[in-house]
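So this one's query_31.txt, compact mmCIF, C-alpha atoms:
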# COMPACT_ATOMS: atom_id res chain seq x y z
CA MET A 1 108.10 67.36 77.14
CA GLU A 2 109.43 70.82 76.44
CA LEU A 3 110.86 71.56 79.89
CA ASN A 4 111.61 68.01 80.96
CA GLY A 5 114.32 68.01 83.62
CA ARG A 6 114.24 71.77 84.17
CA VAL A 7 113.82 73.14 87.71
CA VAL A 8 111.50 76.10 88.22
CA VAL A 9 110.68 78.18 91.30
CA VAL A 10 107.34 80.02 91.39
CA THR A 11 107.00 82.50 94.24
CA GLY A 12 103.49 82.82 95.62
CA GLY A 13 102.68 79.65 93.71
CA THR A 14 100.18 78.15 96.13
CA ARG A 15 96.98 79.69 94.77
CA GLY A 16 95.48 81.91 92.08
CA VAL A 17 97.74 83.02 89.26
CA GLY A 18 100.80 81.47 90.90
CA ALA A 19 99.20 78.03 91.12
CA GLY A 20 98.13 78.31 87.48
CA ILE A 21 101.69 79.11 86.48
CA ALA A 22 103.03 76.19 88.53
CA ARG A 23 100.56 73.78 86.89
CA SER A 24 101.57 74.92 83.41
CA PHE A 25 105.23 74.27 84.19
CA LEU A 26 104.38 70.85 85.63
CA ALA A 27 102.44 70.00 82.47
CA ALA A 28 105.49 71.06 80.43
CA GLY A 29 107.63 68.53 82.30
CA ALA A 30 109.48 70.78 84.76
CA GLU A 31 110.21 70.07 88.39
CA VAL A 32 108.43 72.88 90.23
CA VAL A 33 109.02 74.38 93.67
CA VAL A 34 106.42 76.81 94.97
CA CYS A 35 107.11 79.05 97.93
CA ALA A 36 104.93 81.23 100.14
CA ARG A 37 104.55 82.04 103.80
CA ARG A 38 101.83 79.40 104.22
CA PRO A 39 101.39 76.00 102.57
CA PRO A 40 98.58 75.43 100.05
CA GLU A 41 95.31 73.93 101.25
CA GLU A 42 95.93 71.09 98.82
CA PRO A 43 98.98 70.18 96.71
CA VAL A 44 99.49 72.11 93.48
CA ALA A 45 99.31 69.29 90.97
CA VAL A 46 98.39 68.38 87.40
CA GLU A 47 98.34 65.12 85.47
CA GLY A 48 99.65 63.18 88.47
CA ARG A 49 102.63 65.48 89.02
CA SER A 50 102.91 67.78 92.07
CA ALA A 51 104.95 70.82 92.98
CA SER A 52 106.99 70.75 96.16
CA PHE A 53 106.44 73.50 98.73
CA ALA A 54 108.78 75.58 100.88
CA ALA A 55 107.75 78.16 103.47
CA VAL A 56 109.64 81.40 102.81
CA ASP A 57 109.12 85.04 103.77
CA LEU A 58 110.35 86.81 100.64
CA ARG A 59 110.89 90.00 102.64
CA ASN A 60 113.65 88.27 104.63
CA PRO A 61 116.84 88.37 102.50
CA ALA A 62 118.68 85.77 104.59
CA ALA A 63 115.77 83.33 104.36
CA VAL A 64 115.49 83.88 100.61
CA HIS A 65 119.21 83.24 100.13
CA ASP A 66 119.01 80.02 102.14
CA PHE A 67 115.93 78.91 100.20
CA PHE A 68 117.60 79.10 96.80
CA GLY A 69 120.65 77.35 98.15
CA SER A 70 118.43 74.50 99.36
CA VAL A 71 116.67 74.27 95.98
CA ALA A 72 119.99 73.99 94.18
CA ALA A 73 121.28 71.45 96.70
CA ARG A 74 118.18 69.29 96.38
CA HIS A 75 117.71 69.43 92.61
CA GLY A 76 121.25 70.14 91.46
CA ARG A 77 120.22 73.10 89.33
CA LEU A 78 117.83 76.03 88.83
CA ASP A 79 116.55 76.97 85.39
CA CYS A 80 113.82 79.52 85.92
CA LEU A 81 112.51 81.87 88.59
CA VAL A 82 108.97 83.21 88.23
CA ASN A 83 108.51 86.23 90.49
CA ASN A 84 104.77 86.02 90.98
CA ALA A 85 104.23 86.76 94.69
CA GLY A 86 102.54 90.09 95.30
CA GLY A 87 99.22 91.84 95.63
CA THR A 88 97.60 94.66 97.54
CA PRO A 89 94.45 95.61 99.43
CA TYR A 90 92.34 98.48 98.14
CA ARG A 91 93.50 101.55 100.04
CA LEU A 92 93.42 105.19 98.94
CA LEU A 93 96.65 107.06 99.56
CA GLY A 94 95.06 109.36 102.14
CA GLU A 95 93.62 106.45 104.13
CA GLY A 96 96.88 104.96 105.36
CA GLU A 97 100.26 105.96 106.65
CA ALA A 98 103.14 105.98 104.19
CA GLU A 99 104.63 102.95 105.95
CA ARG A 100 101.60 100.83 105.02
CA HIS A 101 101.93 101.77 101.37
CA ALA A 102 105.68 101.13 101.56
CA ARG A 103 104.99 97.53 102.58
CA VAL A 104 103.10 97.07 99.33
CA VAL A 105 106.13 98.31 97.41
CA GLU A 106 108.35 96.01 99.46
CA LEU A 107 106.31 92.93 98.55
CA ASN A 108 105.80 93.76 94.89
CA LEU A 109 109.18 95.26 93.98
CA ILE A 110 111.85 94.73 96.63
CA ALA A 111 110.98 91.06 97.21
CA PRO A 112 111.28 90.12 93.51
CA MET A 113 114.62 91.91 93.37
CA THR A 114 115.79 90.06 96.48
CA ALA A 115 114.73 86.71 95.01
CA SER A 116 116.32 87.45 91.65
CA VAL A 117 119.68 88.42 93.18
CA ALA A 118 119.65 85.30 95.37
CA ALA A 119 118.78 83.05 92.41
CA TYR A 120 121.24 84.65 89.97
CA PRO A 121 124.32 82.47 90.69
CA TRP A 122 122.34 79.29 90.05
CA LEU A 123 120.55 80.65 86.97
CA ARG A 124 123.86 81.80 85.50
CA GLU A 125 125.18 78.24 85.64
CA THR A 126 122.25 76.89 83.60
CA ARG A 127 121.85 79.98 81.37
CA GLY A 128 118.36 80.18 82.76
CA SER A 129 115.72 82.88 82.88
CA ILE A 130 113.58 85.05 85.12
CA VAL A 131 109.94 85.88 84.48
CA MET A 132 108.51 88.87 86.31
CA ILE A 133 104.74 88.93 86.75
CA GLY A 134 103.78 92.54 86.17
CA SER A 135 100.47 94.30 85.76
CA VAL A 136 98.73 96.86 83.57
CA SER A 137 98.41 98.79 86.84
CA GLY A 138 102.03 99.76 86.27
CA THR A 139 101.20 101.42 82.96
CA ARG A 140 98.14 103.51 83.89
CA PRO A 141 96.73 105.38 86.90
CA SER A 142 95.73 102.99 89.69
CA PRO A 143 93.53 104.86 92.18
CA GLY A 144 93.10 102.81 95.34
CA THR A 145 96.18 100.75 94.53
CA ALA A 146 98.69 103.49 93.79
CA ALA A 147 101.60 101.88 95.63
CA TYR A 148 100.96 98.60 93.80
CA GLY A 149 100.91 100.36 90.42
CA ALA A 150 104.13 102.19 91.25
CA ALA A 151 105.79 98.93 92.30
CA LYS A 152 104.74 97.14 89.11
CA ALA A 153 106.04 100.02 86.99
CA GLY A 154 109.35 99.70 88.82
CA LEU A 155 109.34 95.92 88.39
CA GLU A 156 109.12 96.21 84.61
CA ASN A 157 112.02 98.66 84.53
CA LEU A 158 114.00 96.45 86.91
CA ALA A 159 113.53 93.51 84.54
CA ARG A 160 114.87 95.49 81.60
CA SER A 161 117.94 96.55 83.56
CA MET A 162 118.55 92.99 84.76
CA ALA A 163 118.26 91.76 81.17
CA VAL A 164 121.13 94.04 80.17
CA GLU A 165 123.33 93.49 83.22
CA TRP A 166 122.97 89.71 83.28
CA ALA A 167 123.14 89.00 79.56
CA PRO A 168 124.01 86.71 77.95
CA GLU A 169 123.86 84.16 80.77
CA VAL A 170 120.38 84.97 82.14
CA ARG A 171 117.35 86.15 80.19
CA VAL A 172 114.84 88.37 82.02
CA ASN A 173 111.33 89.18 80.78
CA SER A 174 108.00 90.43 82.10
CA LEU A 175 104.41 89.33 81.68
CA VAL A 176 102.15 92.36 81.99
CA LEU A 177 98.81 91.04 83.14
CA GLY A 178 95.34 92.44 82.84
CA MET A 179 92.43 91.09 84.87
CA VAL A 180 92.63 87.41 85.84
CA ARG A 181 89.84 85.26 87.24
CA THR A 182 90.92 83.58 90.48
CA GLU A 183 89.29 82.38 93.68
CA LEU A 184 89.53 85.97 94.95
CA SER A 185 87.90 87.65 91.95
CA HIS A 186 84.70 88.33 93.86
CA LEU A 187 86.61 90.63 96.22
CA HIS A 188 87.49 92.88 93.29
CA TYR A 189 84.56 92.50 90.90
CA GLY A 190 81.60 91.24 92.95
CA ASP A 191 79.32 88.28 92.25
CA GLU A 192 79.16 86.23 89.05
CA SER A 193 77.17 88.89 87.24
CA GLY A 194 79.77 91.49 88.21
CA ILE A 195 82.61 89.26 87.03
CA ALA A 196 80.81 88.66 83.74
CA ALA A 197 80.15 92.38 83.29
CA VAL A 198 83.80 93.20 83.91
CA GLY A 199 84.87 90.46 81.52
CA ALA A 200 82.63 91.93 78.85
CA THR A 201 84.72 95.13 78.91
CA VAL A 202 87.75 93.16 77.66
CA PRO A 203 88.04 92.91 73.86
CA LEU A 204 88.33 89.09 74.05
CA GLY A 205 85.14 89.04 76.14
CA ARG A 206 86.41 87.43 79.35
CA LEU A 207 88.91 87.64 82.16
CA ALA A 208 92.12 85.68 81.79
CA GLU A 209 92.42 82.28 83.42
CA PRO A 210 95.54 81.46 85.48
CA SER A 211 96.42 78.90 82.82
CA ASP A 212 96.58 81.66 80.20
CA VAL A 213 99.31 83.31 82.25
CA GLY A 214 101.01 79.97 82.86
CA GLU A 215 101.26 79.13 79.17
CA ALA A 216 102.84 82.52 78.46
CA ALA A 217 105.35 82.01 81.29
CA VAL A 218 106.29 78.57 79.94
CA PHE A 219 106.94 80.12 76.54
CA LEU A 220 109.28 82.77 77.98
CA ALA A 221 111.17 80.10 79.95
CA SER A 222 111.50 77.74 77.00
CA GLY A 223 113.97 77.49 74.16
CA ARG A 224 111.35 78.97 71.86
CA ALA A 225 112.08 82.33 73.50
CA ALA A 226 115.86 81.93 73.35
CA TYR A 227 116.29 85.37 71.75
CA VAL A 228 113.69 87.13 73.90
CA SER A 229 115.10 89.17 76.78
CA GLY A 230 114.20 92.53 78.26
CA ALA A 231 110.73 92.17 76.77
CA SER A 232 107.30 92.90 78.21
CA LEU A 233 104.57 90.58 76.92
CA LEU A 234 101.05 91.93 77.36
CA VAL A 235 98.59 89.28 78.56
CA HIS A 236 95.44 91.36 78.85
CA GLY A 237 92.99 90.10 76.26
CA GLY A 238 93.37 93.16 74.06
CA GLY A 239 93.41 95.74 76.83
CA GLU A 240 90.62 98.10 77.77
CA ARG A 241 88.21 99.92 75.49
CA PRO A 242 88.96 103.66 75.82
CA ALA A 243 86.21 105.35 77.86
CA PHE A 244 86.05 108.34 75.52
CA LEU A 245 84.69 106.14 72.72
CA ASP A 246 81.49 105.57 74.68
CA ALA A 247 81.29 109.16 75.92
CA ALA A 248 81.73 110.83 72.53
CA THR A 249 78.67 111.76 70.48
CA ALA A 250 80.54 111.56 67.17
CA ASN A 251 81.29 108.50 65.04
CA LYS A 252 78.54 106.40 66.57
CA PRO A 253 77.17 103.41 64.62
CA THR A 254 73.74 104.25 63.15
CA GLU A 255 70.93 102.34 61.50
CA PRO A 256 71.46 101.99 57.73
CA ASN A 257 69.81 104.82 55.79
CA LYS A 258 67.28 103.42 53.37
CA SER A 259 68.49 105.77 50.65
CA ASN A 260 72.02 104.43 51.09
CA ASP A 261 71.05 100.75 51.19
CA PRO A 262 71.52 99.30 47.68
CA ASN A 263 68.97 96.53 48.34
CA LYS A 264 66.33 98.99 49.46
CA SER A 265 67.16 101.21 46.47
CA ASN A 266 66.67 98.36 44.01
CA GLU A 267 63.38 97.38 45.56
CA SER A 268 62.02 100.92 45.18
CA LYS A 269 62.82 100.94 41.46
CA LYS A 270 61.11 97.65 40.61
CA PRO A 271 57.52 98.98 40.42
CA ASN A 272 58.51 101.78 38.01
CA GLU A 273 60.49 99.38 35.86
CA SER A 274 57.50 97.02 35.58
CA LYS A 275 55.26 99.86 34.40
CA LYS A 276 57.71 100.70 31.60
CA GLU A 277 57.74 97.09 30.47
CA SER A 278 53.93 97.00 30.28

Can the structure from this file be put into structure tokens for me?
Amino acid sequence: MELNGRVVVVTGGTRGVGAGIARSFLAAGAEVVVCARRPPEEPVAVEGRSASFAAVDLRNPAAVHDFFGSVAARHGRLDCLVNNAGGTPYRLLGEGEAERHARVVELNLIAPMTASVAAYPWLRETRGSIVMIGSVSGTRPSPGTAAYGAAKAGLENLARSMAVEWAPEVRVNSLVLGMVRTELSHLHYGDESGIAAVGATVPLGRLAEPSDVGEAAVFLASGRAAYVSGASLLVHGGGERPAFLDAATANKPTEPNKSNDPNKSNESKKPNESKKES
């Protein structure tokens, strides 16, 4: 198996996208450790293999440092860190104090930096890699989640700087995600009809599955990406159709004009041609 014997940490790996990433690494043969503040409701497992769990508050630098030391002591190595933990509630900037928005930045930007710095000594020994889980929210306006978008923009830049500073021992890349279907999708998109309608706006016609993200993360952690560092891989199903295309009144598809349809044109000539023959 491609990552047989490798040791991977997935932060926030107990549910949703994180659990999908952890399952993909398990299927690729890696030993996987997932961490979060609370344990999963059921073990994160696939094909008879399970991830181990550790309770960690990623906003506590001392706890994070101790956690990576314990992973290295238990497994003897660390090959990949996937900084997945994050998220945000919907909150307009004017509806909360700056401190509440700052906590979103802390979770989505400062915590991945804290984890990366703590993991660096162990990753350097194995010439390992870091995968940041970013978002298209960091590349476009994100009303209602402005602090989250700002943090994800910073995370992508942080990854590029890390890739330069820590080369050649540690590769650092980002996955820039679009919309992903998880157990919490209804909170963002509504019922099944709403989820389907949102999926229909994506060029590939659906939301991503956590496994789609997981397979991309496995690629970046594998030897197949040995020369990929400082990169941002878009995992968004083709992106979003620009709104102006639907609003514009020009360049709209129209019904074929009979006079321009060669089949229709030929049919209209047949009666005249038969008269000449007679």

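As for atom CA of Ile133 of chain A and atom CA of Leu155 of chain A, they are spaced 8.5 Å apart.
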
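Excluding Val64 of chain A and any residue on its chain fewer than 3 positions from it, the residues at most 10 Å away by all atoms listed in the file are Val56, Asp57, Leu58, Arg59, Asn60, Pro61, Phe67, Phe68, Gly69, Ser70, Ala111, Thr114, Ala115, Ser116, Val117, Ala118 and Ala119 of chain A.
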
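Interatomic distance, atom CA of Ala45 of chain A against atom CA of Val8 of chain A: 14.2 Å.
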
Give me the residues within 12 Å of segment 50-55 of chain A as a VMD selection string, counting all atoms listed in the file and dropping any in the same chain fewer than 2 places off. chain A and resid 7 to 15 18 to 27 29 to 48 57 to 58 60 63 to 64 66 to 68 70 to 71 74 to 75

Include C-alpha atoms and write out the residues we just selected as an mmCIF file, in the coordinates of the input.
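After the write, again_1.cif holds the following:
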data_model
loop_
_atom_site.group_PDB
_atom_site.id
_atom_site.type_symbol
_atom_site.label_atom_id
_atom_site.label_comp_id
_atom_site.auth_asym_id
_atom_site.auth_seq_id
_atom_site.Cartn_x
_atom_site.Cartn_y
_atom_site.Cartn_z
ATOM 1 C CA VAL A 7 113.820 73.140 87.710
ATOM 2 C CA VAL A 8 111.500 76.100 88.220
ATOM 3 C CA VAL A 9 110.680 78.180 91.300
ATOM 4 C CA VAL A 10 107.340 80.020 91.390
ATOM 5 C CA THR A 11 107.000 82.500 94.240
ATOM 6 C CA GLY A 12 103.490 82.820 95.620
ATOM 7 C CA GLY A 13 102.680 79.650 93.710
ATOM 8 C CA THR A 14 100.180 78.150 96.130
ATOM 9 C CA ARG A 15 96.980 79.690 94.770
ATOM 10 C CA GLY A 18 100.800 81.470 90.900
ATOM 11 C CA ALA A 19 99.200 78.030 91.120
ATOM 12 C CA GLY A 20 98.130 78.310 87.480
ATOM 13 C CA ILE A 21 101.690 79.110 86.480
ATOM 14 C CA ALA A 22 103.030 76.190 88.530
ATOM 15 C CA ARG A 23 100.560 73.780 86.890
ATOM 16 C CA SER A 24 101.570 74.920 83.410
ATOM 17 C CA PHE A 25 105.230 74.270 84.190
ATOM 18 C CA LEU A 26 104.380 70.850 85.630
ATOM 19 C CA ALA A 27 102.440 70.000 82.470
ATOM 20 C CA GLY A 29 107.630 68.530 82.300
ATOM 21 C CA ALA A 30 109.480 70.780 84.760
ATOM 22 C CA GLU A 31 110.210 70.070 88.390
ATOM 23 C CA VAL A 32 108.430 72.880 90.230
ATOM 24 C CA VAL A 33 109.020 74.380 93.670
ATOM 25 C CA VAL A 34 106.420 76.810 94.970
ATOM 26 C CA CYS A 35 107.110 79.050 97.930
ATOM 27 C CA ALA A 36 104.930 81.230 100.140
ATOM 28 C CA ARG A 37 104.550 82.040 103.800
ATOM 29 C CA ARG A 38 101.830 79.400 104.220
ATOM 30 C CA PRO A 39 101.390 76.000 102.570
ATOM 31 C CA PRO A 40 98.580 75.430 100.050
ATOM 32 C CA GLU A 41 95.310 73.930 101.250
ATOM 33 C CA GLU A 42 95.930 71.090 98.820
ATOM 34 C CA PRO A 43 98.980 70.180 96.710
ATOM 35 C CA VAL A 44 99.490 72.110 93.480
ATOM 36 C CA ALA A 45 99.310 69.290 90.970
ATOM 37 C CA VAL A 46 98.390 68.380 87.400
ATOM 38 C CA GLU A 47 98.340 65.120 85.470
ATOM 39 C CA GLY A 48 99.650 63.180 88.470
ATOM 40 C CA ASP A 57 109.120 85.040 103.770
ATOM 41 C CA LEU A 58 110.350 86.810 100.640
ATOM 42 C CA ASN A 60 113.650 88.270 104.630
ATOM 43 C CA ALA A 63 115.770 83.330 104.360
ATOM 44 C CA VAL A 64 115.490 83.880 100.610
ATOM 45 C CA ASP A 66 119.010 80.020 102.140
ATOM 46 C CA PHE A 67 115.930 78.910 100.200
ATOM 47 C CA PHE A 68 117.600 79.100 96.800
ATOM 48 C CA SER A 70 118.430 74.500 99.360
ATOM 49 C CA VAL A 71 116.670 74.270 95.980
ATOM 50 C CA ARG A 74 118.180 69.290 96.380
ATOM 51 C CA HIS A 75 117.710 69.430 92.610
#

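Using only C-alpha atoms, the smallest distance between any of A:Val198, A:Leu233, A:Leu78, A:Met179 and Arg124 of chain A comes from A:Leu78.
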
Quick one: residues within 10 Å of Gly144 of chain A, only C-alpha atoms, excluding same-chain residues fewer than 3 positions away - as a list in words? Thr88, Pro89, Tyr90, Arg91, Leu92, Leu93, Gly94, Glu95, Pro141, Ala147, Tyr148 and Gly149 of chain A

Would you output that residue set with C-alpha atoms, as a PDB file, keeping the file's coordinate frame?
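Everything below was put into again15.pdb:
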ATOM      1  CA  THR A  88      97.600  94.660  97.540  1.00  0.00           C
ATOM      2  CA  PRO A  89      94.450  95.610  99.430  1.00  0.00           C
ATOM      3  CA  TYR A  90      92.340  98.480  98.140  1.00  0.00           C
ATOM      4  CA  ARG A  91      93.500 101.550 100.040  1.00  0.00           C
ATOM      5  CA  LEU A  92      93.420 105.190  98.940  1.00  0.00           C
ATOM      6  CA  LEU A  93      96.650 107.060  99.560  1.00  0.00           C
ATOM      7  CA  GLY A  94      95.060 109.360 102.140  1.00  0.00           C
ATOM      8  CA  GLU A  95      93.620 106.450 104.130  1.00  0.00           C
ATOM      9  CA  PRO A 141      96.730 105.380  86.900  1.00  0.00           C
ATOM     10  CA  ALA A 147     101.600 101.880  95.630  1.00  0.00           C
ATOM     11  CA  TYR A 148     100.960  98.600  93.800  1.00  0.00           C
ATOM     12  CA  GLY A 149     100.910 100.360  90.420  1.00  0.00           C
TER      13      GLY A 149
END

Can you measure atom CA of Arg171 of chain A to atom CA of Arg103 of chain A for me? One decimal in Å is fine. 28.0 Å

Within 6 Å of (100.9, 87.4, 81.1) (coordinates as in the file), grab all the protein and nucleic acid residues, counting only C-alpha atoms, and write them out as a VMD selection string. chain A and resid 175 to 177 213 216 234 to 235

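The closest residue to Asp246 of chain A, picked from A:Thr201, A:Leu107, A:Arg206, A:Ser185 and counting all atoms listed in the file, is A:Thr201.
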
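Minimum atom-to-atom distance to Tyr120 of chain A, evaluated using all atoms listed in the file, belongs to A:Glu169 out of A:Glu169, A:Glu106, A:Glu240, A:Glu2.
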
Using all atoms listed in the file, find the one residue out of A:Ala159, A:Val172, A:Val105, A:Ile110 that sits nearest to Thr145 of chain A. A:Val105

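With all atoms listed in the file as the atoms that count, the minimum distance from Ala163 of chain A to the choices A:Ile130, A:Ala247, A:Pro121, A:Val104 is reached by A:Ile130.
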
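Counting only C-alpha atoms and comparing A:Ser193, A:Ser229, A:Ser137, A:Asn173, the residue that lies closest to Leu81 of chain A is A:Asn173.
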